[in-house]
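Source file: work-v4.cif (mmCIF, C-alpha atoms)
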```
data_model
#
loop_
_atom_site.label_atom_id
_atom_site.label_comp_id
_atom_site.auth_asym_id
_atom_site.auth_seq_id
_atom_site.Cartn_x
_atom_site.Cartn_y
_atom_site.Cartn_z
CA MET Q 1 112.47 33.83 -55.70
CA ALA Q 2 109.72 31.56 -54.37
CA THR Q 3 106.84 32.59 -52.20
CA ASP Q 4 107.53 31.46 -48.64
CA GLY Q 5 105.86 30.98 -45.27
CA ALA Q 6 103.88 27.87 -46.20
CA PRO Q 7 104.54 24.16 -46.81
CA ALA Q 8 105.51 23.06 -50.31
CA GLY Q 9 102.40 22.78 -52.47
CA ARG Q 10 100.65 25.65 -50.68
CA ARG Q 11 102.19 28.65 -52.38
CA ALA Q 12 99.97 30.56 -54.79
CA LEU Q 13 99.94 33.48 -57.17
CA VAL Q 14 96.50 35.08 -57.40
CA LEU Q 15 96.28 37.12 -60.59
CA GLY Q 16 93.78 39.98 -60.32
CA ALA Q 17 93.18 42.21 -57.30
CA GLY Q 18 89.48 42.84 -57.78
CA ILE Q 19 86.86 41.55 -55.36
CA VAL Q 20 87.19 37.96 -56.62
CA GLY Q 21 90.99 37.82 -56.50
CA VAL Q 22 91.30 39.54 -53.12
CA SER Q 23 88.67 37.20 -51.65
CA ILE Q 24 90.51 34.15 -52.97
CA ALA Q 25 93.77 35.43 -51.51
CA LEU Q 26 92.18 35.93 -48.09
CA HIS Q 27 90.57 32.50 -48.01
CA LEU Q 28 93.78 30.77 -49.07
CA GLN Q 29 95.64 32.73 -46.41
CA GLN Q 30 93.14 31.56 -43.79
CA ARG Q 31 94.08 27.97 -44.71
CA GLY Q 32 97.80 28.49 -44.22
CA TRP Q 33 98.79 29.25 -47.79
CA SER Q 34 101.52 31.71 -48.73
CA VAL Q 35 99.91 34.01 -51.28
CA VAL Q 36 101.10 36.74 -53.64
CA LEU Q 37 98.30 38.92 -54.99
CA VAL Q 38 99.21 40.27 -58.43
CA ASP Q 39 97.80 43.21 -60.38
CA ARG Q 40 99.00 45.97 -62.66
CA LYS Q 41 97.04 48.49 -60.55
CA ASP Q 42 96.11 48.94 -56.91
CA PRO Q 43 93.39 46.61 -55.55
CA GLY Q 44 89.82 47.45 -56.46
CA ARG Q 45 90.57 49.97 -59.22
CA GLU Q 46 89.14 48.12 -62.24
CA THR Q 47 85.77 46.35 -62.67
CA SER Q 48 85.17 46.07 -58.92
CA TYR Q 49 85.24 49.86 -58.60
CA GLY Q 50 82.33 50.65 -60.91
CA ASN Q 51 79.06 49.00 -59.91
CA ALA Q 52 75.93 49.65 -57.90
CA GLY Q 53 77.53 48.33 -54.72
CA PHE Q 54 74.78 45.74 -54.27
CA ILE Q 55 75.22 42.49 -52.39
CA GLU Q 56 72.33 41.25 -54.45
CA CYS Q 57 70.33 38.84 -52.31
CA SER Q 58 67.04 39.49 -54.13
CA SER Q 59 67.93 37.75 -57.40
CA VAL Q 60 66.43 34.34 -58.11
CA LEU Q 61 67.81 34.18 -61.66
CA PRO Q 62 70.75 35.90 -63.37
CA HIS Q 63 70.10 38.58 -66.00
CA PRO Q 64 68.64 36.67 -68.99
CA PHE Q 65 68.51 37.78 -72.60
CA PRO Q 66 65.68 40.33 -72.95
CA ARG Q 67 62.26 39.03 -73.96
CA GLY Q 68 59.16 40.60 -75.48
CA PHE Q 69 58.63 41.80 -79.05
CA SER Q 70 58.70 45.52 -78.30
CA THR Q 71 61.85 45.16 -76.23
CA LEU Q 72 63.58 43.13 -78.92
CA MET Q 73 62.59 45.66 -81.58
CA LYS Q 74 64.10 48.51 -79.56
CA LEU Q 75 67.26 46.48 -79.13
CA ALA Q 76 67.41 45.62 -82.82
CA MET Q 77 67.05 49.29 -83.75
CA ASN Q 78 69.66 50.24 -81.13
CA ARG Q 79 67.23 52.58 -79.40
CA SER Q 80 67.31 51.00 -75.95
CA ASP Q 81 69.20 52.69 -73.14
CA ALA Q 82 69.21 49.39 -71.25
CA VAL Q 83 71.42 47.80 -73.94
CA ARG Q 84 73.32 49.62 -76.65
CA TYR Q 85 75.60 48.01 -79.22
CA GLU Q 86 78.34 49.17 -81.52
CA PRO Q 87 77.02 48.16 -84.99
CA ARG Q 88 80.44 47.19 -86.36
CA PHE Q 89 80.97 44.93 -83.35
CA LEU Q 90 77.73 43.00 -83.80
CA PRO Q 91 79.05 40.33 -86.23
CA ARG Q 92 81.86 39.52 -83.79
CA ILE Q 93 79.59 39.10 -80.79
CA ALA Q 94 76.67 37.45 -82.63
CA PRO Q 95 77.67 33.83 -81.77
CA TRP Q 96 77.93 34.76 -78.10
CA LEU Q 97 74.54 36.50 -78.20
CA LEU Q 98 72.97 33.39 -79.75
CA ALA Q 99 74.41 31.20 -76.99
CA TYR Q 100 73.19 33.72 -74.39
CA TRP Q 101 69.70 33.71 -75.94
CA ARG Q 102 69.58 29.89 -75.83
CA ALA Q 103 70.66 29.85 -72.19
CA SER Q 104 67.88 32.33 -71.40
CA GLN Q 105 65.06 30.05 -72.52
CA ASP Q 106 62.83 28.74 -69.76
CA SER Q 107 64.11 25.16 -70.01
CA ALA Q 108 67.73 26.28 -69.66
CA LEU Q 109 66.95 28.75 -66.86
CA ALA Q 110 65.27 25.95 -64.91
CA ARG Q 111 68.66 24.22 -64.87
CA ILE Q 112 70.81 27.32 -64.37
CA GLY Q 113 68.62 28.92 -61.70
CA PRO Q 114 69.39 26.56 -58.78
CA SER Q 115 73.15 26.79 -59.41
CA PHE Q 116 72.94 30.57 -59.51
CA ARG Q 117 70.82 30.75 -56.38
CA ALA Q 118 73.21 28.43 -54.51
CA LEU Q 119 75.84 31.14 -54.88
CA ILE Q 120 73.52 34.04 -54.06
CA ASP Q 121 72.20 32.38 -50.89
CA THR Q 122 75.67 32.42 -49.31
CA ALA Q 123 76.79 35.88 -50.45
CA LEU Q 124 75.73 38.04 -47.52
CA ALA Q 125 77.11 35.78 -44.80
CA GLU Q 126 80.44 35.44 -46.60
CA HIS Q 127 80.73 39.22 -47.02
CA GLU Q 128 79.70 39.93 -43.44
CA ALA Q 129 82.48 37.70 -42.10
CA LEU Q 130 85.14 39.54 -44.11
CA ILE Q 131 83.62 42.97 -43.46
CA ALA Q 132 83.74 42.35 -39.71
CA GLU Q 133 87.33 41.07 -39.84
CA ALA Q 134 88.41 44.04 -41.99
CA GLY Q 135 86.68 46.47 -39.61
CA VAL Q 136 84.60 48.25 -42.27
CA THR Q 137 81.01 47.68 -41.16
CA ALA Q 138 80.43 51.40 -41.78
CA LEU Q 139 80.47 50.66 -45.53
CA LEU Q 140 77.45 48.33 -45.29
CA ARG Q 141 73.87 49.51 -45.67
CA HIS Q 142 70.79 47.39 -44.96
CA ASP Q 143 68.13 49.36 -46.83
CA GLY Q 144 67.94 47.43 -50.13
CA TRP Q 145 66.63 49.27 -53.20
CA LEU Q 146 63.39 50.65 -54.61
CA GLU Q 147 61.91 49.99 -58.05
CA ILE Q 148 59.93 53.19 -58.51
CA CYS Q 149 57.01 53.47 -60.93
CA ARG Q 150 55.44 56.52 -62.56
CA SER Q 151 52.07 54.92 -63.40
CA PRO Q 152 49.57 52.37 -62.03
CA GLN Q 153 50.30 50.18 -65.05
CA GLN Q 154 54.01 50.12 -64.29
CA LEU Q 155 53.38 49.28 -60.66
CA GLU Q 156 51.00 46.47 -61.60
CA ALA Q 157 53.56 45.02 -64.02
CA ALA Q 158 56.37 45.31 -61.45
CA ASP Q 159 54.28 43.60 -58.80
CA HIS Q 160 53.36 40.80 -61.22
CA GLU Q 161 57.06 40.17 -61.91
CA ALA Q 162 57.85 40.30 -58.19
CA LYS Q 163 55.53 37.33 -57.55
CA PHE Q 164 58.18 35.00 -58.99
CA ALA Q 165 60.74 36.24 -56.48
CA ARG Q 166 58.26 35.97 -53.61
CA ARG Q 167 57.59 32.33 -54.49
CA HIS Q 168 61.31 31.73 -53.92
CA GLY Q 169 61.38 33.39 -50.51
CA VAL Q 170 62.53 36.87 -51.56
CA THR Q 171 60.90 39.88 -49.90
CA ALA Q 172 59.31 42.22 -52.45
CA GLU Q 173 56.84 44.66 -50.92
CA GLN Q 174 54.45 46.80 -52.95
CA LEU Q 175 54.31 50.41 -51.75
CA GLY Q 176 51.71 52.99 -52.65
CA ALA Q 177 52.65 56.62 -53.26
CA GLU Q 178 52.13 57.69 -49.65
CA ALA Q 179 54.31 54.89 -48.28
CA LEU Q 180 56.94 55.49 -50.95
CA TYR Q 181 57.33 59.19 -50.18
CA ALA Q 182 57.34 58.52 -46.45
CA LEU Q 183 60.24 56.11 -47.01
CA GLU Q 184 62.12 58.30 -49.48
CA PRO Q 185 60.96 61.93 -49.25
CA ALA Q 186 63.74 63.16 -51.55
CA LEU Q 187 61.93 61.74 -54.59
CA LYS Q 188 60.38 64.34 -56.84
CA PRO Q 189 56.59 64.33 -57.36
CA GLY Q 190 54.93 62.10 -59.92
CA PHE Q 191 55.57 58.53 -58.74
CA HIS Q 192 52.63 56.22 -58.20
CA GLY Q 193 54.42 53.67 -56.02
CA ALA Q 194 57.25 51.16 -55.89
CA ILE Q 195 58.39 47.65 -55.19
CA ALA Q 196 60.79 47.58 -52.22
CA TRP Q 197 63.55 44.94 -52.30
CA PRO Q 198 64.93 45.02 -48.74
CA ASP Q 199 66.84 41.70 -48.81
CA THR Q 200 69.63 43.28 -50.84
CA ARG Q 201 72.48 44.98 -48.98
CA ARG Q 202 74.53 47.90 -50.25
CA ILE Q 203 78.20 48.87 -50.09
CA ILE Q 204 78.62 52.64 -50.27
CA ASP Q 205 82.19 52.43 -51.60
CA PRO Q 206 82.79 49.20 -53.59
CA GLY Q 207 86.37 50.08 -54.49
CA GLY Q 208 87.00 51.01 -50.86
CA LEU Q 209 85.67 47.64 -49.73
CA VAL Q 210 88.14 45.82 -51.98
CA GLU Q 211 90.92 48.06 -50.68
CA ALA Q 212 89.92 47.19 -47.10
CA TYR Q 213 90.00 43.47 -47.86
CA ALA Q 214 93.44 43.94 -49.46
CA ARG Q 215 94.70 45.79 -46.37
CA LEU Q 216 93.49 42.89 -44.24
CA PHE Q 217 95.38 40.48 -46.52
CA SER Q 218 98.56 42.56 -46.19
CA ALA Q 219 98.20 42.93 -42.42
CA LYS Q 220 98.09 39.14 -42.12
CA GLY Q 221 101.35 38.77 -44.03
CA GLY Q 222 100.18 38.61 -47.64
CA GLN Q 223 102.23 40.17 -50.43
CA ILE Q 224 100.74 42.48 -53.08
CA LEU Q 225 102.84 42.60 -56.24
CA ARG Q 226 102.64 45.10 -59.09
CA ALA Q 227 103.09 43.02 -62.24
CA ASP Q 228 101.64 42.16 -65.63
CA ALA Q 229 99.67 38.92 -65.35
CA LEU Q 230 100.49 38.11 -68.98
CA THR Q 231 104.07 37.34 -67.91
CA LEU Q 232 102.81 34.18 -66.17
CA ALA Q 233 104.86 31.16 -67.26
CA ASP Q 234 104.41 27.43 -66.72
CA LYS Q 235 107.73 26.01 -65.54
CA GLY Q 236 106.58 22.39 -65.31
CA GLY Q 237 105.69 22.06 -61.66
CA THR Q 238 105.85 25.72 -60.69
CA TRP Q 239 104.37 28.96 -61.99
CA ASP Q 240 106.50 32.06 -62.47
CA ILE Q 241 105.62 35.72 -62.87
CA ARG Q 242 107.87 38.70 -63.43
CA SER Q 243 107.28 41.81 -61.33
CA ALA Q 244 107.34 45.35 -62.68
CA GLY Q 245 110.83 45.63 -61.20
CA GLY Q 246 112.06 42.55 -63.05
CA GLU Q 247 112.00 40.09 -60.13
CA THR Q 248 110.72 36.55 -60.79
CA ILE Q 249 108.25 35.12 -58.27
CA SER Q 250 107.52 31.38 -58.25
CA ALA Q 251 104.64 29.40 -56.74
CA ASP Q 252 103.07 25.96 -56.88
CA HIS Q 253 99.69 27.28 -58.05
CA ALA Q 254 98.37 30.19 -60.10
CA VAL Q 255 94.81 31.49 -59.95
CA VAL Q 256 93.47 33.49 -62.90
CA ALA Q 257 90.90 35.96 -61.56
CA LEU Q 258 91.36 38.69 -64.16
CA GLY Q 259 87.71 39.38 -64.93
CA PRO Q 260 87.35 40.73 -68.50
CA TRP Q 261 91.07 40.17 -69.17
CA THR Q 262 90.96 36.45 -68.33
CA GLY Q 263 90.62 35.39 -71.95
CA ASP Q 264 93.89 37.12 -72.89
CA LEU Q 265 95.89 34.98 -70.48
CA ALA Q 266 93.84 31.79 -70.84
CA ALA Q 267 94.45 31.79 -74.60
CA ARG Q 268 98.22 31.71 -74.00
CA PHE Q 269 97.76 28.29 -72.42
CA GLY Q 270 95.36 27.02 -75.06
CA TYR Q 271 92.02 27.72 -73.37
CA ARG Q 272 89.23 29.38 -75.39
CA PHE Q 273 86.27 30.48 -73.32
CA PRO Q 274 83.16 32.18 -74.75
CA LEU Q 275 83.86 35.26 -72.67
CA ALA Q 276 82.30 38.57 -73.66
CA VAL Q 277 82.04 41.89 -71.87
CA LYS Q 278 79.15 44.19 -71.12
CA ARG Q 279 80.63 47.63 -70.78
CA GLY Q 280 79.07 50.04 -68.30
CA TYR Q 281 79.43 53.64 -67.19
CA HIS Q 282 78.87 55.59 -64.01
CA ARG Q 283 79.27 59.14 -62.81
CA HIS Q 284 78.98 60.72 -59.38
CA PHE Q 285 76.90 63.82 -58.71
CA ALA Q 286 76.96 66.01 -55.63
CA TYR Q 287 74.21 65.61 -53.06
CA ASP Q 288 71.53 68.27 -52.81
CA ASP Q 289 71.30 68.65 -49.04
CA SER Q 290 67.86 70.24 -49.27
CA ALA Q 291 66.48 66.84 -50.30
CA ARG Q 292 69.13 64.16 -49.82
CA LEU Q 293 68.47 60.76 -51.41
CA THR Q 294 69.12 57.96 -48.92
CA GLN Q 295 68.17 54.77 -50.79
CA ALA Q 296 69.05 53.26 -54.13
CA VAL Q 297 66.28 53.69 -56.69
CA TYR Q 298 65.69 52.19 -60.10
CA VAL Q 299 63.25 54.04 -62.35
CA ARG Q 300 61.25 51.31 -64.04
CA ASP Q 301 61.35 51.19 -67.86
CA GLU Q 302 63.93 53.99 -67.99
CA ALA Q 303 67.22 52.08 -67.50
CA CYS Q 304 68.00 54.55 -64.74
CA LEU Q 305 69.74 53.32 -61.57
CA ILE Q 306 70.57 55.98 -58.96
CA VAL Q 307 72.58 54.96 -55.89
CA PRO Q 308 73.74 57.04 -52.88
CA MET Q 309 77.45 56.43 -52.34
CA ALA Q 310 80.19 57.79 -50.12
CA ARG Q 311 81.46 60.08 -52.89
CA GLY Q 312 78.02 61.31 -53.99
CA ILE Q 313 75.05 59.99 -55.94
CA ARG Q 314 76.24 57.42 -58.47
CA LEU Q 315 74.25 57.29 -61.72
CA LEU Q 316 74.78 54.02 -63.61
CA SER Q 317 74.16 53.21 -67.25
CA GLY Q 318 72.78 50.12 -68.91
CA ALA Q 319 75.01 47.68 -70.78
CA GLU Q 320 77.05 48.55 -73.86
CA LEU Q 321 78.15 45.84 -76.29
CA ALA Q 322 81.40 47.06 -77.78
CA PRO Q 323 85.04 45.93 -77.84
CA ARG Q 324 86.47 45.89 -74.34
CA ASP Q 325 89.18 48.42 -75.09
CA ALA Q 326 87.25 50.67 -77.49
CA PRO Q 327 87.09 54.40 -76.70
CA SER Q 328 84.47 55.58 -74.24
CA THR Q 329 81.03 56.38 -75.69
CA PRO Q 330 78.81 57.27 -72.69
CA VAL Q 331 75.68 57.93 -74.77
CA GLN Q 332 73.41 55.95 -72.45
CA LEU Q 333 74.57 57.81 -69.38
CA GLN Q 334 74.04 61.15 -71.07
CA ARG Q 335 70.50 60.17 -72.06
CA ILE Q 336 69.42 58.98 -68.64
CA GLU Q 337 70.81 61.95 -66.72
CA ALA Q 338 67.71 64.02 -67.58
CA ARG Q 339 65.46 61.18 -66.36
CA ALA Q 340 67.46 60.91 -63.17
CA ARG Q 341 67.10 64.63 -62.54
CA SER Q 342 63.34 64.33 -62.98
CA ALA Q 343 63.34 61.63 -60.28
CA VAL Q 344 65.75 62.88 -57.61
CA PRO Q 345 67.70 66.06 -56.78
CA LEU Q 346 71.17 65.91 -58.32
CA GLY Q 347 73.96 68.43 -57.95
CA ASP Q 348 76.84 68.98 -60.35
CA PRO Q 349 79.00 66.12 -61.63
CA ILE Q 350 81.96 65.35 -59.38
CA GLU Q 351 84.26 63.70 -61.95
CA PRO Q 352 85.24 65.48 -65.15
CA GLU Q 353 84.34 62.38 -67.22
CA PRO Q 354 82.22 59.26 -66.64
CA TRP Q 355 83.95 56.08 -65.47
CA LEU Q 356 83.97 53.12 -67.88
CA GLY Q 357 84.38 49.46 -66.97
CA ALA Q 358 83.64 46.01 -68.38
CA ARG Q 359 81.72 43.13 -66.82
CA PRO Q 360 83.07 39.64 -67.74
CA CYS Q 361 80.12 37.58 -69.01
CA LEU Q 362 79.72 33.95 -70.02
CA PRO Q 363 76.69 32.97 -72.11
CA ASP Q 364 75.18 30.63 -69.51
CA MET Q 365 75.37 33.41 -66.88
CA LEU Q 366 77.34 31.30 -64.39
CA PRO Q 367 80.99 31.92 -63.49
CA VAL Q 368 83.86 29.52 -64.03
CA ILE Q 369 85.25 28.42 -60.66
CA GLY Q 370 87.71 25.55 -60.55
CA ALA Q 371 90.79 23.83 -61.96
CA ALA Q 372 92.14 24.25 -65.47
CA PRO Q 373 91.55 20.94 -67.27
CA ARG Q 374 95.04 20.47 -68.77
CA HIS Q 375 97.48 22.26 -66.42
CA ALA Q 376 98.26 21.11 -62.90
CA GLY Q 377 98.22 23.98 -60.45
CA LEU Q 378 96.30 26.38 -62.70
CA TRP Q 379 92.88 27.59 -61.52
CA PHE Q 380 90.16 29.85 -62.91
CA ALA Q 381 87.69 32.19 -61.20
CA PHE Q 382 85.96 34.60 -63.58
CA GLY Q 383 82.79 35.38 -65.50
CA HIS Q 384 80.60 36.72 -62.68
CA SER Q 385 78.80 39.14 -64.99
CA HIS Q 386 76.59 41.54 -62.96
CA TYR Q 387 77.34 39.72 -59.68
CA GLY Q 388 81.09 40.05 -59.16
CA LEU Q 389 80.89 42.21 -56.04
CA THR Q 390 78.12 40.01 -54.64
CA LEU Q 391 79.90 36.71 -55.21
CA GLY Q 392 83.56 37.57 -54.56
CA PRO Q 393 83.80 36.12 -51.03
CA THR Q 394 81.68 33.08 -51.92
CA THR Q 395 83.97 32.36 -54.87
CA GLY Q 396 87.02 32.90 -52.67
CA ARG Q 397 85.89 30.35 -50.15
CA MET Q 398 84.85 27.80 -52.79
CA LEU Q 399 88.12 27.94 -54.69
CA ALA Q 400 90.28 27.95 -51.55
CA GLU Q 401 88.46 24.85 -50.33
CA MET Q 402 89.00 23.09 -53.67
CA MET Q 403 92.66 24.06 -53.82
CA SER Q 404 93.18 22.85 -50.24
CA GLY Q 405 91.61 19.44 -50.90
CA GLU Q 406 88.54 20.21 -48.81
CA THR Q 407 84.93 19.53 -49.75
CA SER Q 408 83.57 22.76 -51.17
CA PHE Q 409 80.65 24.19 -49.21
CA ILE Q 410 78.87 24.60 -52.58
CA SER Q 411 79.07 21.77 -55.09
CA PRO Q 412 81.43 23.00 -57.83
CA GLN Q 413 80.08 20.85 -60.66
CA ALA Q 414 77.98 23.54 -62.38
CA TYR Q 415 80.87 26.03 -62.48
CA ARG Q 416 83.63 23.84 -63.93
CA ALA Q 417 85.64 25.06 -66.91
CA GLU Q 418 84.95 21.77 -68.71
CA ARG Q 419 81.35 22.78 -69.45
CA PHE Q 420 82.81 24.76 -72.33
CA ALA Q 421 84.81 23.30 -75.21
CA VAL Q 422 88.07 24.67 -73.84
#
```
How would this structure read if it were set down as structure tokens?
Amino acid sequence: MATDGAPAGRRALVLGAGIVGVSIALHLQQRGWSVVLVDRKDPGRETSYGNAGFIECSSVLPHPFPRGFSTLMKLAMNRSDAVRYEPRFLPRIAPWLLAYWRASQDSALARIGPSFRALIDTALAEHEALIAEAGVTALLRHDGWLEICRSPQQLEAADHEAKFARRHGVTAEQLGAEALYALEPALKPGFHGAIAWPDTRRIIDPGGLVEAYARLFSAKGGQILRADALTLADKGGTWDIRSAGGETISADHAVVALGPWTGDLAARFGYRFPLAVKRGYHRHFAYDDSARLTQAVYVRDEACLIVPMARGIRLLSGAELAPRDAPSTPVQLQRIEARARSAVPLGDPIEPEPWLGARPCLPDMLPVIGAAPRHAGLWFAFGHSHYGLTLGPTTGRMLAEMMSGETSFISPQAYRAERFAV
């Protein structure tokens, strides 16, 4: 059975119903394509579900490899809650870490930075258009986040780092203790001040946002198919996939937007990308209505990110370097819970166990967005690292424009698959 409702050449399978895949499906649909959105689960239930919910407009650079001797020593000794690694996994990921370290040097960041910022600069407008069309403006918050500091030395260091962002037009306001507690009275005593980052926007239910975008796609005639993406087959001019019920669906194009699972499928067609994952955990805690946190806060130097969400207060861990499918080991989250409770009022955990997900990361910190080099009709959109939720709609528009023969509103050169030896 072929996808229908569009001219020949404009039928697509979009593999992966996270924020990137759903956004691609919507933007193709807007251009008259017939689209089948494929996933083994419901939309927004994998990587897109577990994040801080930030539309991160305050970032000038992506997350580089950590610097500083003391930081590197803590990492080497596996004592950092910001980054933890599974020792037996280290030899396997060492080449990727070396490439990541090289891409994090100042000379490389000077090249990467403008390409990263080109994506970030469009993110809010692209989300706002889809949020309005999907009718879920209630999920959007405009309050940014606070980097809270326990000492004058921390605040001075945070403000010094913020100068770089200010030079690039990002708002980063230093707050003293009085201003901080006036803005967020739920904070417990002991903080000296903060840096406020108001340019960032927040989504209070990231998985719910993806579900809303998917409902919009369905309401406009799109098809959502439960299937295993690894059944994708190249039929020499068309692309086939087999549904969970055994039905074969055919299309002219296939888009691989599988996040941390992209490498599994890409390898079947001979593509080898340096794709690694940073695993991460979160857990929701009930609100304490006697002192209800209203803004997202990051406790400086403590790897502790605390975000008010629709379900409760979401506590998020740092990164864990371990095999993607290894058993859960939420050590970081357990360690930072005590720090979080010393910063804000937290009730009891809502879920019985922490949630675990994996961020798809490329060593140069830029996603792959564009055509597969050796297969007509095959396209890639993955590797957004910490910025998948932020950049989903931007990626969707870019790729839909490329697939439709339009000039992309962002030059695609820096994001091409060919930059790797694929």
Between Q:Leu230, Q:Glu156, Q:Ile148, Q:Leu97, which is the closest to Ala340 of chain Q once you count all atoms listed in the file? Q:Ile148
Using the chain letters and numbers from the file, give me the residues hit by the PyMOL selection byres ((chain Q and resi 237-240) around 8), as number ranges by chain. Q: 13, 231-236, 241-242, 248-254, 376-377
Excluding Ala157 of chain Q and its own-chain neighbours fewer than 3 positions away, which residues fall within 12 Å of it when counting only C-alpha atoms? Please give them as a ChimeraX atom specification. /Q:147-154,160-163,174,193-195,300-301
Deliver the residues from the most recent selection as a file, using C-alpha atoms, as an mmCIF file, in the coordinates of the input.
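So result_13.cif came out as:
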```cif
data_model
loop_
_atom_site.group_PDB
_atom_site.id
_atom_site.type_symbol
_atom_site.label_atom_id
_atom_site.label_comp_id
_atom_site.auth_asym_id
_atom_site.auth_seq_id
_atom_site.Cartn_x
_atom_site.Cartn_y
_atom_site.Cartn_z
ATOM 1 C CA GLU Q 147 61.910 49.990 -58.050
ATOM 2 C CA ILE Q 148 59.930 53.190 -58.510
ATOM 3 C CA CYS Q 149 57.010 53.470 -60.930
ATOM 4 C CA ARG Q 150 55.440 56.520 -62.560
ATOM 5 C CA SER Q 151 52.070 54.920 -63.400
ATOM 6 C CA PRO Q 152 49.570 52.370 -62.030
ATOM 7 C CA GLN Q 153 50.300 50.180 -65.050
ATOM 8 C CA GLN Q 154 54.010 50.120 -64.290
ATOM 9 C CA HIS Q 160 53.360 40.800 -61.220
ATOM 10 C CA GLU Q 161 57.060 40.170 -61.910
ATOM 11 C CA ALA Q 162 57.850 40.300 -58.190
ATOM 12 C CA LYS Q 163 55.530 37.330 -57.550
ATOM 13 C CA GLN Q 174 54.450 46.800 -52.950
ATOM 14 C CA GLY Q 193 54.420 53.670 -56.020
ATOM 15 C CA ALA Q 194 57.250 51.160 -55.890
ATOM 16 C CA ILE Q 195 58.390 47.650 -55.190
ATOM 17 C CA ARG Q 300 61.250 51.310 -64.040
ATOM 18 C CA ASP Q 301 61.350 51.190 -67.860
#
```
Kindly indicate which residue among Q:Ser411, Q:Thr137, Q:Gln334, Q:Thr47 lies nearest to Leu399 of chain Q, using only C-alpha atoms for the distances. Q:Ser411
Just how far from atom CA of Ser104 of chain Q is atom CA of Arg167 of chain Q, in Å to one decimal?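 One can read the atom CA of Arg167 of chain Q to atom CA of Ser104 of chain Q distance as 19.8 Å.
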All residues 12 Å or closer to Ser385 of chain Q, all atoms listed in the file, same chain fewer than 6 positions away omitted, as number ranges by chain: Q: 20, 47-48, 51, 62-64, 116, 259-260, 275-280, 319, 357-368, 391-392
On this file, the PyMOL selection byres ((chain Q and resi 313) around 8) gives some set of residues; write that set as a ChimeraX atom specification. /Q:284-287,306-309,311-312,314-315,346
Interatomic distance, atom CA of Leu216 of chain Q to atom CA of Trp261 of chain Q (Å, one decimal):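 These atoms are spaced 25.2 Å apart.
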Taking all atoms of segment 245-262 of chain Q that appear in the file, build a box with edges along x, y and z, extend it by 5 Å on every side, and state its centre and edge lengths in Å to one decimal, as JSON.
```
{"center_x": 99.7, "center_y": 35.8, "center_z": -63.0, "size_x": 34.7, "size_y": 29.7, "size_z": 22.4}
```
